[in-house]
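Enquirer: Just so it is clear, I am handing over protein.csv, which has CSV, C-alpha atoms and all ligand atoms.
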```csv
chain,number,residue,atom,x,y,z
A,984,MET,CA,27.0,12.9,-2.9
A,985,LYS,CA,24.1,15.4,-2.4
A,986,ILE,CA,20.9,13.7,-1.3
A,987,ALA,CA,17.6,15.4,-0.8
A,988,ILE,CA,14.8,14.0,1.4
A,989,ILE,CA,11.3,15.2,0.5
A,990,GLY,CA,9.1,14.6,3.5
A,991,LYS,CA,10.1,13.4,7.0
A,992,ILE,CA,11.8,10.0,7.5
A,993,HIS,CA,12.9,8.3,10.7
A,994,GLN,CA,16.1,9.6,12.3
A,995,ILE,CA,17.9,6.2,11.6
A,996,GLY,CA,17.9,7.1,7.8
A,997,LEU,CA,19.4,10.5,8.4
A,998,GLU,CA,22.2,8.9,10.5
A,999,ILE,CA,22.9,6.5,7.7
A,1000,LEU,CA,23.2,9.4,5.2
A,1001,TYR,CA,25.4,11.5,7.4
A,1002,SER,CA,27.7,8.6,8.3
A,1003,SER,CA,28.2,8.0,4.6
A,1004,GLY,CA,29.5,11.5,4.2
A,1005,SER,CA,26.6,12.6,2.1
A,1006,LEU,CA,25.4,16.2,2.0
A,1007,VAL,CA,21.8,16.0,3.1
A,1008,LYS,CA,19.0,18.5,2.2
A,1009,GLU,CA,15.7,18.1,4.1
A,1010,ILE,CA,13.0,19.6,1.9
A,1011,ASN,CA,9.6,20.7,3.2
A,1012,GLN,CA,8.5,23.3,0.5
A,1013,THR,CA,7.1,21.2,-2.3
A,1014,ASP,CA,5.7,23.6,-4.8
A,1015,THR,CA,7.3,23.3,-8.2
A,1016,PRO,CA,9.5,26.4,-8.1
A,1017,SER,CA,10.8,25.6,-4.6
A,1018,LEU,CA,11.6,22.0,-5.7
A,1019,ILE,CA,13.4,23.1,-8.8
A,1020,ASP,CA,15.5,25.5,-6.8
A,1021,ALA,CA,16.3,23.0,-4.0
A,1022,LEU,CA,17.0,20.0,-6.2
A,1023,SER,CA,19.1,21.6,-8.9
A,1024,ASP,CA,22.4,20.0,-7.7
A,1025,VAL,CA,21.3,16.8,-6.0
A,1026,ASP,CA,22.5,13.3,-7.1
A,1027,GLY,CA,19.7,11.4,-5.3
A,1028,ILE,CA,16.2,12.0,-3.9
A,1029,ILE,CA,14.5,10.1,-1.1
A,1030,LEU,CA,10.8,10.6,-1.6
A,1031,ARG,CA,7.8,10.0,0.6
A,1032,THR,CA,4.3,10.6,-0.8
A,1033,GLU,CA,4.8,14.0,-2.6
A,1034,LYS,CA,4.2,13.9,-6.4
A,1035,ILE,CA,7.4,14.9,-8.4
A,1036,SER,CA,6.5,16.4,-11.8
A,1037,ASN,CA,8.5,15.8,-15.0
A,1038,GLU,CA,9.3,19.5,-15.0
A,1039,VAL,CA,11.1,19.2,-11.7
A,1040,ILE,CA,13.0,16.1,-13.0
A,1041,ASP,CA,14.0,18.0,-16.1
A,1042,ASN,CA,15.7,20.6,-13.9
A,1043,CYS,CA,17.8,18.1,-12.0
A,1044,PRO,CA,20.9,17.6,-14.2
A,1045,ASN,CA,22.8,15.6,-11.7
A,1046,LEU,CA,20.0,13.3,-10.6
A,1047,LYS,CA,20.8,9.6,-10.8
A,1048,ILE,CA,18.2,8.0,-8.5
A,1049,ILE,CA,14.9,8.6,-6.8
A,1050,THR,CA,14.2,6.2,-4.0
A,1051,ARG,CA,10.6,5.8,-2.7
A,1052,HIS,CA,10.2,5.5,1.0
A,1053,GLY,CA,7.7,2.7,0.3
A,1054,VAL,CA,6.8,0.5,-2.7
A,1055,GLY,CA,4.1,2.2,-4.7
A,1056,TYR,CA,5.5,4.6,-7.3
A,1057,ASP,CA,2.5,6.3,-8.8
A,1058,ASN,CA,3.8,9.7,-7.6
A,1059,VAL,CA,6.5,9.7,-10.3
A,1060,ASP,CA,6.4,9.2,-14.1
A,1061,LEU,CA,8.4,6.0,-14.6
A,1062,ASN,CA,8.6,6.4,-18.4
A,1063,HIS,CA,10.1,9.9,-17.9
A,1064,LEU,CA,12.6,8.6,-15.4
A,1065,ASN,CA,13.6,5.9,-17.9
A,1066,SER,CA,14.0,8.4,-20.7
A,1067,LYS,CA,16.3,10.4,-18.4
A,1068,GLY,CA,18.3,7.3,-17.2
A,1069,VAL,CA,17.2,8.0,-13.6
A,1070,ALA,CA,16.9,4.9,-11.5
A,1071,LEU,CA,13.8,4.3,-9.3
A,1072,GLY,CA,14.4,2.6,-6.0
A,1073,ILE,CA,11.8,1.2,-3.6
A,1074,THR,CA,11.9,-0.3,-0.1
A,1075,GLY,CA,10.9,-3.7,-1.3
A,1076,THR,CA,11.6,-5.7,1.9
A,1077,SER,CA,10.2,-3.2,4.4
A,1078,ASN,CA,6.5,-2.8,4.5
A,1079,ALA,CA,4.6,-6.0,3.7
A,1080,VAL,CA,4.3,-7.0,7.4
A,1081,SER,CA,2.9,-3.7,8.6
A,1082,VAL,CA,0.4,-3.5,5.8
A,1083,ALA,CA,-0.7,-7.1,6.2
A,1084,GLU,CA,-1.3,-6.6,9.9
A,1085,HIS,CA,-3.4,-3.6,9.1
A,1086,VAL,CA,-5.5,-5.7,6.8
A,1087,LEU,CA,-6.1,-8.2,9.6
A,1088,ALA,CA,-6.9,-5.4,12.0
A,1089,PHE,CA,-9.6,-4.2,9.6
A,1090,PHE,CA,-11.0,-7.8,9.2
A,1091,LEU,CA,-11.0,-8.5,12.9
A,1092,GLN,CA,-12.5,-5.1,13.9
A,1093,PHE,CA,-15.4,-5.8,11.4
A,1094,ILE,CA,-16.2,-9.2,12.7
A,1095,LYS,CA,-15.4,-8.9,16.5
A,1096,LYS,CA,-16.5,-5.2,17.0
A,1097,ILE,CA,-14.3,-5.0,20.0
A,1098,ASP,CA,-15.1,-1.3,20.5
A,1099,LEU,CA,-18.8,-2.1,21.2
A,1100,SER,CA,-17.8,-4.8,23.8
A,1101,ASP,CA,-15.3,-2.4,25.4
A,1102,LYS,CA,-18.0,0.3,25.7
A,1103,LEU,CA,-20.6,-2.1,27.1
A,1104,THR,CA,-18.1,-3.3,29.8
A,1105,ARG,CA,-17.1,0.2,30.8
A,1106,ASP,CA,-20.8,1.3,31.0
A,1107,GLY,CA,-21.3,-1.4,33.6
A,1108,LYS,CA,-23.5,-3.5,31.3
A,1109,PHE,CA,-21.5,-6.7,31.7
A,1110,HIS,CA,-24.6,-8.8,32.0
A,1111,GLU,CA,-26.2,-7.3,28.9
A,1112,LYS,CA,-23.7,-8.8,26.5
A,1113,ALA,CA,-26.5,-10.7,24.8
A,1114,ASN,CA,-27.7,-7.3,23.5
A,1115,LEU,CA,-24.5,-6.8,21.5
A,1116,PRO,CA,-24.9,-7.4,17.7
A,1117,ASP,CA,-23.7,-10.8,16.4
A,1118,PHE,CA,-20.0,-11.1,15.9
A,1119,PHE,CA,-18.3,-13.6,13.6
A,1120,GLU,CA,-15.2,-15.7,13.0
A,1121,LEU,CA,-12.6,-15.7,10.2
A,1122,TYR,CA,-12.4,-19.5,10.6
A,1123,GLN,CA,-13.3,-21.3,7.3
A,1124,LYS,CA,-14.3,-18.1,5.5
A,1125,ASN,CA,-13.3,-17.4,1.9
A,1126,ILE,CA,-10.7,-14.7,1.5
A,1127,LEU,CA,-9.9,-13.2,-1.9
A,1128,ILE,CA,-6.5,-11.6,-2.4
A,1129,LEU,CA,-6.2,-9.4,-5.5
A,1130,GLY,CA,-2.5,-9.1,-6.3
A,1131,PHE,CA,-0.1,-11.8,-5.0
A,1132,GLY,CA,3.1,-9.7,-4.6
A,1133,ARG,CA,4.9,-8.9,-1.4
A,1134,ILE,CA,1.9,-7.7,0.5
A,1135,GLY,CA,-0.7,-10.0,-0.9
A,1136,GLN,CA,1.5,-13.0,0.1
A,1137,ALA,CA,2.0,-11.6,3.6
A,1138,VAL,CA,-1.8,-11.2,4.0
A,1139,ALA,CA,-2.3,-14.8,2.7
A,1140,ARG,CA,0.2,-16.3,5.2
A,1141,ARG,CA,-1.7,-14.6,8.1
A,1142,CYS,CA,-5.1,-15.6,6.8
A,1143,LEU,CA,-4.0,-19.2,6.5
A,1144,GLY,CA,-3.0,-19.0,10.1
A,1145,PHE,CA,-6.7,-18.3,10.8
A,1146,ASP,CA,-7.7,-21.5,9.0
A,1147,THR,CA,-9.4,-19.6,6.1
A,1148,ASN,CA,-9.7,-20.6,2.4
A,1149,VAL,CA,-7.4,-18.2,0.6
A,1150,PHE,CA,-8.2,-17.5,-3.1
A,1151,VAL,CA,-5.8,-15.5,-5.2
A,1152,PHE,CA,-6.4,-13.5,-8.4
A,1153,ASP,CA,-3.1,-12.6,-10.0
A,1154,PRO,CA,-2.6,-13.6,-13.7
A,1155,PHE,CA,1.1,-12.6,-13.5
A,1156,VAL,CA,2.0,-15.2,-10.8
A,1157,ASP,CA,2.5,-18.9,-11.7
A,1158,GLU,CA,-0.5,-20.9,-10.4
A,1159,LYS,CA,1.8,-23.6,-9.1
A,1160,TYR,CA,3.4,-21.0,-6.8
A,1161,ILE,CA,0.0,-19.9,-5.6
A,1162,VAL,CA,-0.8,-23.5,-4.7
A,1163,LYS,CA,2.6,-24.1,-3.1
A,1164,MET,CA,1.8,-21.1,-0.8
A,1165,GLY,CA,-1.3,-22.9,0.4
A,1166,CYS,CA,-3.7,-20.8,-1.7
A,1167,GLN,CA,-6.1,-21.4,-4.6
A,1168,PRO,CA,-5.8,-19.5,-7.9
A,1169,ILE,CA,-9.1,-18.2,-9.1
A,1170,SER,CA,-10.5,-15.9,-11.8
A,1171,LYS,CA,-11.5,-12.4,-10.8
A,1172,GLU,CA,-15.2,-13.1,-11.5
A,1173,GLU,CA,-15.4,-16.3,-9.6
A,1174,GLY,CA,-13.4,-14.9,-6.7
A,1175,LEU,CA,-15.7,-11.9,-6.3
A,1176,ILE,CA,-18.7,-14.2,-6.2
A,1177,LYS,CA,-17.2,-16.5,-3.5
A,1178,ALA,CA,-15.5,-14.1,-1.2
A,1179,ASP,CA,-16.4,-13.2,2.3
A,1180,PHE,CA,-13.4,-11.0,2.6
A,1181,ILE,CA,-11.5,-9.2,-0.1
A,1182,SER,CA,-8.1,-7.5,0.2
A,1183,VAL,CA,-6.7,-5.4,-2.6
A,1184,HIS,CA,-2.9,-5.4,-3.2
A,1185,LEU,CA,-2.6,-4.2,-6.8
A,1186,PRO,CA,-0.5,-1.3,-8.1
A,1187,LEU,CA,-2.5,1.6,-9.3
A,1188,ASN,CA,-2.1,2.0,-13.1
A,1189,LYS,CA,-4.3,2.4,-16.2
A,1190,LYS,CA,-5.3,-1.2,-16.0
A,1191,THR,CA,-6.2,-1.3,-12.3
A,1192,LEU,CA,-8.0,2.1,-12.1
A,1193,ASN,CA,-11.6,1.3,-11.2
A,1194,PHE,CA,-10.7,-2.4,-11.0
A,1195,ILE,CA,-13.7,-2.7,-8.7
A,1196,SER,CA,-16.7,-0.6,-9.7
A,1197,LEU,CA,-20.4,-1.0,-9.4
A,1198,SER,CA,-20.6,-4.0,-11.8
A,1199,GLU,CA,-18.1,-5.9,-9.6
A,1200,LEU,CA,-19.6,-4.7,-6.3
A,1201,LYS,CA,-23.0,-6.1,-7.5
A,1202,LYS,CA,-21.4,-9.5,-7.7
A,1203,LEU,CA,-20.3,-9.6,-4.1
A,1204,LYS,CA,-22.0,-11.4,-1.2
A,1205,LYS,CA,-24.0,-9.2,1.1
A,1206,ASN,CA,-21.8,-10.2,4.0
A,1207,CYS,CA,-18.6,-9.3,2.1
A,1208,ILE,CA,-16.0,-7.1,3.7
A,1209,LEU,CA,-13.8,-5.2,1.2
A,1210,VAL,CA,-10.4,-3.8,2.3
A,1211,ASN,CA,-8.2,-1.5,0.2
A,1212,THR,CA,-4.7,-0.7,1.6
A,1213,ALA,CA,-3.2,-0.4,-2.0
A,1214,ARG,CA,-4.2,2.8,-3.7
A,1215,GLY,CA,-7.3,5.0,-4.0
A,1216,GLY,CA,-8.9,4.7,-7.4
A,1217,ILE,CA,-8.5,0.9,-7.7
A,1218,ILE,CA,-12.0,0.8,-6.1
A,1219,ASN,CA,-14.3,3.4,-7.5
A,1220,GLU,CA,-15.1,5.5,-4.4
A,1221,ASN,CA,-18.5,6.8,-5.6
A,1222,ASP,CA,-19.7,3.3,-6.5
A,1223,LEU,CA,-18.4,2.0,-3.2
A,1224,PHE,CA,-20.3,4.7,-1.3
A,1225,ASN,CA,-23.5,3.6,-3.1
A,1226,ALA,CA,-22.9,-0.1,-2.5
A,1227,LEU,CA,-22.3,0.5,1.2
A,1228,GLN,CA,-25.3,2.8,1.6
A,1229,GLU,CA,-27.5,0.3,-0.1
A,1230,LYS,CA,-25.9,-2.5,2.0
A,1231,LEU,CA,-24.9,-4.4,-1.1
A,1232,ILE,CA,-21.9,-5.4,1.0
A,1233,ALA,CA,-21.4,-5.5,4.8
A,1234,GLY,CA,-18.5,-3.1,5.1
A,1235,ALA,CA,-15.3,-1.7,3.7
A,1236,GLY,CA,-11.9,-0.8,5.3
A,1237,LEU,CA,-10.0,1.9,3.5
A,1238,ASP,CA,-6.5,3.2,4.1
A,1239,VAL,CA,-6.2,4.9,0.8
A,1240,PHE,CA,-8.4,7.4,-1.1
A,1241,GLU,CA,-8.8,8.8,-4.6
A,1242,LEU,CA,-7.8,12.2,-3.3
A,1243,GLU,CA,-5.5,12.4,-0.3
A,1244,PRO,CA,-6.2,13.8,2.1
A,1245,PRO,CA,-9.9,13.3,1.3
A,1246,GLN,CA,-12.1,16.4,1.5
A,1247,LYS,CA,-13.6,17.1,5.0
A,1248,ASN,CA,-17.2,16.4,3.9
A,1249,HIS,CA,-16.4,13.2,2.1
A,1250,PRO,CA,-19.6,11.2,1.7
A,1251,LEU,CA,-18.0,8.0,3.1
A,1252,PHE,CA,-17.5,9.7,6.4
A,1253,THR,CA,-21.3,9.6,6.9
A,1254,LEU,CA,-21.5,5.8,6.8
A,1255,ASP,CA,-21.0,3.5,9.8
A,1256,ASN,CA,-20.2,0.4,7.8
A,1257,VAL,CA,-16.9,1.8,6.7
A,1258,LEU,CA,-13.6,1.9,8.6
A,1259,LEU,CA,-11.1,4.6,7.5
A,1260,THR,CA,-7.4,5.1,8.3
A,1261,PRO,CA,-5.2,8.0,7.0
A,1262,HIS,CA,-2.8,6.0,4.6
A,1263,ASN,CA,-0.9,4.8,7.6
A,1264,ALA,CA,-1.0,1.0,7.1
A,1265,ALA,CA,2.8,1.0,6.6
A,1266,LEU,CA,3.6,3.4,9.4
A,1267,SER,CA,4.2,1.2,12.4
A,1268,LEU,CA,7.4,2.4,14.1
A,1269,GLU,CA,9.3,-0.8,13.1
A,1270,CYS,CA,8.2,-0.3,9.5
A,1271,ARG,CA,9.2,3.4,9.4
A,1272,MET,CA,12.6,2.5,10.7
A,1273,ARG,CA,13.0,-0.3,8.1
A,1274,MET,CA,11.8,2.0,5.3
A,1275,ALA,CA,14.1,4.9,6.3
A,1276,LYS,CA,17.1,2.5,6.5
A,1277,GLU,CA,16.4,0.7,3.2
A,1278,ALA,CA,15.6,3.9,1.3
A,1279,CYS,CA,18.8,5.6,2.4
A,1280,GLU,CA,21.0,2.5,1.9
A,1281,THR,CA,19.6,1.9,-1.5
A,1282,THR,CA,20.3,5.5,-2.6
A,1283,ILE,CA,23.9,5.4,-1.2
A,1284,PHE,CA,24.7,2.0,-2.6
A,1285,TYR,CA,23.4,2.9,-6.0
A,1286,LEU,CA,25.3,6.2,-6.1
A,1287,ARG,CA,28.5,4.4,-5.0
A,1288,LYS,CA,27.9,1.5,-7.4
A,1289,ASP,CA,28.2,-0.7,-4.2
A,1290,ASN,CA,27.9,-4.4,-4.3
A,1291,ASN,CA,25.6,-4.3,-1.3
A,1292,LEU,CA,22.8,-2.9,-3.5
A,1293,ASN,CA,19.7,-5.1,-3.6
A,1294,LEU,CA,18.9,-5.0,-7.3
A,1295,ASP,CA,15.3,-6.1,-6.6
A,1296,ASN,CA,14.8,-2.7,-5.1
A,1297,ILE,CA,15.7,-0.9,-8.4
A,1298,ILE,CA,12.6,-0.9,-10.6
A,1299,ASN,CA,14.0,0.2,-13.9
A,1300,ILE,CA,17.7,-0.1,-14.2
A,1301,LYS,CA,19.0,-3.6,-13.6
A,1302,ASP,CA,22.5,-3.3,-15.0
A,1303,LEU,CA,25.0,-1.9,-12.6
A,1304,ASN,CA,27.2,-0.6,-15.5
A,1305,TYR,CA,24.8,2.3,-15.8
A,1401,LIG,N1,-1.3,1.7,2.4
A,1401,LIG,C1,0.0,1.7,2.4
A,1401,LIG,O1,0.6,2.4,3.2
A,1401,LIG,C2,0.8,1.0,1.4
A,1401,LIG,C3,2.1,0.5,1.7
A,1401,LIG,C4,2.7,-0.2,0.8
A,1401,LIG,C5,2.2,-0.5,-0.5
A,1401,LIG,N2,1.0,0.0,-0.8
A,1401,LIG,C6,0.4,-0.3,-2.1
A,1401,LIG,O2,0.3,-1.7,-2.2
A,1401,LIG,C7,0.6,-2.1,-3.6
A,1401,LIG,C8,1.1,-3.5,-3.6
A,1401,LIG,O3,2.4,-3.6,-2.9
A,1401,LIG,P1,3.3,-4.9,-3.1
A,1401,LIG,O4,4.6,-4.5,-2.4
A,1401,LIG,O5,2.6,-6.1,-2.7
A,1401,LIG,O6,3.5,-4.8,-4.7
A,1401,LIG,P2,4.0,-6.0,-5.6
A,1401,LIG,O7,4.5,-5.3,-6.9
A,1401,LIG,O8,4.9,-6.9,-4.9
A,1401,LIG,O9,2.7,-6.8,-5.9
A,1401,LIG,C9,1.7,-6.4,-6.8
A,1401,LIG,C10,1.0,-7.6,-7.4
A,1401,LIG,O10,-0.1,-7.2,-8.2
A,1401,LIG,C11,-0.1,-8.0,-9.4
A,1401,LIG,N3,-0.8,-7.3,-10.4
A,1401,LIG,C12,-0.5,-6.2,-11.1
A,1401,LIG,N4,-1.4,-5.9,-12.0
A,1401,LIG,C13,-2.5,-6.7,-11.8
A,1401,LIG,C14,-3.7,-6.9,-12.4
A,1401,LIG,N5,-4.1,-6.1,-13.4
A,1401,LIG,N6,-4.5,-7.9,-12.0
A,1401,LIG,C15,-4.1,-8.8,-11.0
A,1401,LIG,N7,-2.9,-8.7,-10.4
A,1401,LIG,C16,-2.1,-7.7,-10.8
A,1401,LIG,C17,1.3,-8.2,-9.7
A,1401,LIG,O11,1.5,-9.4,-10.5
A,1401,LIG,C18,2.0,-8.4,-8.4
A,1401,LIG,O12,2.1,-9.7,-8.0
A,1401,LIG,C19,1.6,-1.1,-4.0
A,1401,LIG,O13,1.5,-0.9,-5.4
A,1401,LIG,C20,1.2,0.2,-3.3
A,1401,LIG,O14,0.5,1.0,-4.1
A,1401,LIG,C21,0.3,0.7,0.1
```
Would you mind writing the structure in this file as structure tokens?
Ligand SMILES: NC(=O)c1ccc[n+]([C@@H]2O[C@H](COP(=O)([O-])OP(=O)(O)OC[C@H]3O[C@@H](n4cnc5c(N)ncnc54)[C@H](O)[C@@H]3O)[C@@H](O)[C@H]2O)c1
Expert:
Amino acid sequence: MKIAIIGKIHQIGLEILYSSGSLVKEINQTDTPSLIDALSDVDGIILRTEKISNEVIDNCPNLKIITRHGVGYDNVDLNHLNSKGVALGITGTSNAVSVAEHVLAFFLQFIKKIDLSDKLTRDGKFHEKANLPDFFELYQKNILILGFGRIGQAVARRCLGFDTNVFVFDPFVDEKYIVKMGCQPISKEEGLIKADFISVHLPLNKKTLNFISLSELKKLKKNCILVNTARGGIINENDLFNALQEKLIAGAGLDVFELEPPQKNHPLFTLDNVLLTPHNAALSLECRMRMAKEACETTIFYLRKDNNLNLDNIINIKDLNY
């Protein structure tokens, strides 16, 4: 089996591939001609965040599976993979915890402002703590979770641990299940009006592009903290900039951007009511190890038609008699 890895993954994944007897190609040049050249004979691809064009796929006659090192798959054209009979794998059980903890870190930094307390203490101003801005609690606040899949549910469980009211908008999940999980189903409109904190966990697609734009931002409470660790473009960045600048909402935490990396002079960088991270919510060491292991095992098991394959990780081809 020839397996290509596009982008760097944790060593544990490479060890799994080598011990399976696979021939491994580590690929760093990602312009189209280089990819066409390097991938012409591969059976499987393990893919980090690079976009793979249909032209590249068309030039991979042996390709049977692309496995994302992650769960989002907006960097490949699923319809095209379907038409070619190429399976799409994800690391479905790997990254919810790391992303959920990142969301809580955003929430807690906004309300506790630990960096200001740290600075004051180091500056020898211990007795001036009354001069710090007010800080707040998560306790009994309203949290709105948009998208109740793997990550949304992991965020909900953590928020419930803080004794918050967790509201969920996800029309594709049975309301009874949302209630069973200790949360309250809610419409998008009502959720936006009620929320003190919002966390976005939707896939990016035609329906979710600009899911939150100016009209939605205008509905939010002034104290609302909006966090997006899903994909850039789900919240309209320009509208968010205006809302933050005009203090329509209290703050935003963003791990993802419409264009990645964002340009150096991005307007959001000028605001102090936004916290930004470089799309690394899922990159805790533990999570990188889990993703590398799961991506490599999924690829090998699929190519071998191995019973160990977790079919939930295969997005498009559920029948093992492929
Ligand atoms: N920042 C990061 O590093 C990072 C890491 C992992 C995942 N992500 C992103 O997070 C997203 C969510 O991941 P997940 O594993 O929870 O996915 P998931 O597929 O388990 O959950 C997505 C949920 O969104 C719901 N949904 C889809 N369209 C909707 C709509 N129009 N309105 C309301 N709900 C809708 C679905 O019903 C599903 O329950 C991924 O698509 C990915 O883009 C980001």
Enquirer: Under the rule that all atoms listed in the file are counted, which of A:Gly1234, A:Lys1095, A:Ile1073, A:Ile986 is the nearest residue to A:Leu1203?
Expert: A:Gly1234
Enquirer: Neighbouring residues of ligand LIG 1401 (chain A) are defined here as those with any atom at most 7 Å from a ligand atom, counting all atoms listed in the file; list them as JSON, numbers by chain.
Expert: {"A": [1053, 1054, 1055, 1056, 1075, 1078, 1079, 1082, 1129, 1130, 1131, 1132, 1133, 1134, 1135, 1152, 1153, 1154, 1155, 1156, 1184, 1185, 1186, 1187, 1190, 1191, 1212, 1213, 1214, 1238, 1239, 1262, 1263, 1264, 1265, 1266]}
Enquirer: Set the distance at 12 Å and use all atoms listed in the file: which residues neighbour A:Lys1205 once local chain neighbours fewer than 6 positions away are removed? I'd like the list as a compact mmCIF listing (two decimals) with C-alpha atoms, in the frame of the given file.
Expert:
```txt
# COMPACT_ATOMS: atom_id res chain seq x y z
CA LEU A 1175 -15.70 -11.90 -6.30
CA ILE A 1176 -18.70 -14.20 -6.20
CA LYS A 1177 -17.20 -16.50 -3.50
CA ALA A 1178 -15.50 -14.10 -1.20
CA ASP A 1179 -16.40 -13.20 2.30
CA PHE A 1180 -13.40 -11.00 2.60
CA ALA A 1226 -22.90 -0.10 -2.50
CA LEU A 1227 -22.30 0.50 1.20
CA GLU A 1229 -27.50 0.30 -0.10
CA LYS A 1230 -25.90 -2.50 2.00
CA LEU A 1231 -24.90 -4.40 -1.10
CA ILE A 1232 -21.90 -5.40 1.00
CA ALA A 1233 -21.40 -5.50 4.80
CA GLY A 1234 -18.50 -3.10 5.10
CA ALA A 1235 -15.30 -1.70 3.70
```
Enquirer: Just the number, please: distance in Å from atom CA of A:Ile1126 to atom CA of A:Ser1182, one decimal.
Expert: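 Interatomic distance here is 7.8 Å.
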Enquirer: Show me, as a PyMOL selection string, the residues that have an atom within 12 Å of A:Ser1066 when counting all atoms listed in the file, minus same-chain residues fewer than 6 positions from it.
Expert: chain A and resi 1037+1040-1041+1060+1299-1300
Enquirer: Please determine, counting only C-alpha atoms, which residue among A:Asp1157, A:Leu1064, A:Val1086, A:Ile1035 has the shortest atom-to-atom distance to A:Val1210.
Expert: A:Val1086
Enquirer: Which residue gives the smallest distance to A:Thr1282 among A:Gln994, A:Ser1002, A:Thr1074, A:Asn1065, with only C-alpha atoms counted?
Expert: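 Of A:Gln994, A:Ser1002, A:Thr1074, A:Asn1065, the one nearest A:Thr1282 is A:Thr1074, counting only C-alpha atoms.
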Enquirer: Looking at A:Ile1128, A:Ile995, A:Thr1147, A:Glu1243, which one is nearest to A:Ser1170, with distances taken over all atoms listed in the file?
Expert: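 Smallest separation from A:Ser1170 among the options: A:Ile1128.
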Enquirer: Which residue, A:Leu1200, A:Leu1251, A:Leu1258, A:Ala1275, has the smallest gap to A:Arg1031 when you use all atoms listed in the file?
Expert: A:Ala1275
Enquirer: Can you tell me, as a list in words, which residues sit within 6 Å of (-10.4, -2.6, -7.3) in the file's frame, using all atoms listed in the file?
Expert: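 Output: Asn1193, Phe1194, Ile1195, Ile1217 and Ile1218 of chain A.
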Enquirer: Just write the chosen residues, C-alpha atoms, as an mmCIF file, in the coordinates of the input.
Expert:
```cif
data_model
loop_
_atom_site.group_PDB
_atom_site.id
_atom_site.type_symbol
_atom_site.label_atom_id
_atom_site.label_comp_id
_atom_site.auth_asym_id
_atom_site.auth_seq_id
_atom_site.Cartn_x
_atom_site.Cartn_y
_atom_site.Cartn_z
ATOM 1 C CA ASN A 1193 -11.600 1.300 -11.200
ATOM 2 C CA PHE A 1194 -10.700 -2.400 -11.000
ATOM 3 C CA ILE A 1195 -13.700 -2.700 -8.700
ATOM 4 C CA ILE A 1217 -8.500 0.900 -7.700
ATOM 5 C CA ILE A 1218 -12.000 0.800 -6.100
#
```
Enquirer: Would you compute the distance between atom CA of A:Tyr1285 and atom CA of A:Asn1011? Give it in Å to one decimal.
Expert: 24.3 Å
Enquirer: For the atom pair atom CA of A:Glu998 and atom CA of A:Phe1284, what is the interatomic distance in Å to one decimal place?
Expert: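 Between atom CA of A:Glu998 and atom CA of A:Phe1284 the gap is 15.0 Å.
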Enquirer: Just the residues within 6 Å of A:Val1151, please, counting only C-alpha atoms, with nothing from its chain fewer than 3 positions along; format it as a PyMOL selection string.
Expert: chain A and resi 1127-1128+1167-1169
Enquirer: Please identify all polymer residues within 10 Å of A:Ser1100, counting all atoms listed in the file, omitting same-chain residues fewer than 5 positions from it, and present them as a list in words.
Expert: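 In the requested form, the answer reads Lys1095, Arg1105, Asp1106, Lys1108, Phe1109, Lys1112, Leu1115 and Pro1116 of chain A.
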Enquirer: Ranking A:Lys991, A:Lys1124, A:Arg1287, A:Lys1067 by minimum distance to A:Asp1146 and counting only C-alpha atoms, which one comes first?
Expert: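 Closest to A:Asp1146 of all the choices is A:Lys1124.
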Enquirer: Within 12 Å of (-17.0, 4.8, 7.8) (coordinates as in the file), grab all the protein and nucleic acid residues, counting only C-alpha atoms, and write them out as a list in words.
Expert: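 Protein and nucleic acid residues near the point are Phe1089, Phe1093, Leu1223, Phe1224, Leu1227, Gln1228, Ala1233, Gly1234, Ala1235, Gly1236, Leu1237, Asp1238, His1249, Pro1250, Leu1251, Phe1252, Thr1253, Leu1254, Asp1255, Asn1256, Val1257, Leu1258, Leu1259 and Thr1260 of chain A.
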Enquirer: For A:Glu1038, please output as a VMD selection string all residues within 10 Å (counting all atoms listed in the file; exclusion window: fewer than 6 positions along the same chain).
Expert: chain A and resid 1015 to 1016 1018 to 1019
Enquirer: Mind filling out stretch 1225-1231 of chain A with N, CA and C atoms and sending it as a PDB file, keeping the file's coordinate frame?
Expert:
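part.pdb written:
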```pdb
ATOM      1  N   ASN A1225     -22.124   4.094  -2.808  1.00  0.00           N
ATOM      2  CA  ASN A1225     -23.500   3.600  -3.100  1.00  0.00           C
ATOM      3  C   ASN A1225     -23.718   2.202  -2.641  1.00  0.00           C
ATOM      4  N   ALA A1226     -22.729   1.339  -2.866  1.00  0.00           N
ATOM      5  CA  ALA A1226     -22.900  -0.100  -2.500  1.00  0.00           C
ATOM      6  C   ALA A1226     -22.981  -0.202  -0.953  1.00  0.00           C
ATOM      7  N   LEU A1227     -22.211   0.606  -0.230  1.00  0.00           N
ATOM      8  CA  LEU A1227     -22.300   0.500   1.200  1.00  0.00           C
ATOM      9  C   LEU A1227     -23.574   1.111   1.756  1.00  0.00           C
ATOM     10  N   GLN A1228     -24.005   2.205   1.138  1.00  0.00           N
ATOM     11  CA  GLN A1228     -25.300   2.800   1.600  1.00  0.00           C
ATOM     12  C   GLN A1228     -26.452   1.919   1.329  1.00  0.00           C
ATOM     13  N   GLU A1229     -26.403   1.233   0.187  1.00  0.00           N
ATOM     14  CA  GLU A1229     -27.500   0.300  -0.100  1.00  0.00           C
ATOM     15  C   GLU A1229     -27.310  -1.068   0.462  1.00  0.00           C
ATOM     16  N   LYS A1230     -26.263  -1.220   1.281  1.00  0.00           N
ATOM     17  CA  LYS A1230     -25.900  -2.500   2.000  1.00  0.00           C
ATOM     18  C   LYS A1230     -25.790  -3.653   0.982  1.00  0.00           C
ATOM     19  N   LEU A1231     -25.234  -3.336  -0.199  1.00  0.00           N
ATOM     20  CA  LEU A1231     -24.900  -4.400  -1.100  1.00  0.00           C
ATOM     21  C   LEU A1231     -23.791  -5.277  -0.555  1.00  0.00           C
TER      22      LEU A1231
END
```
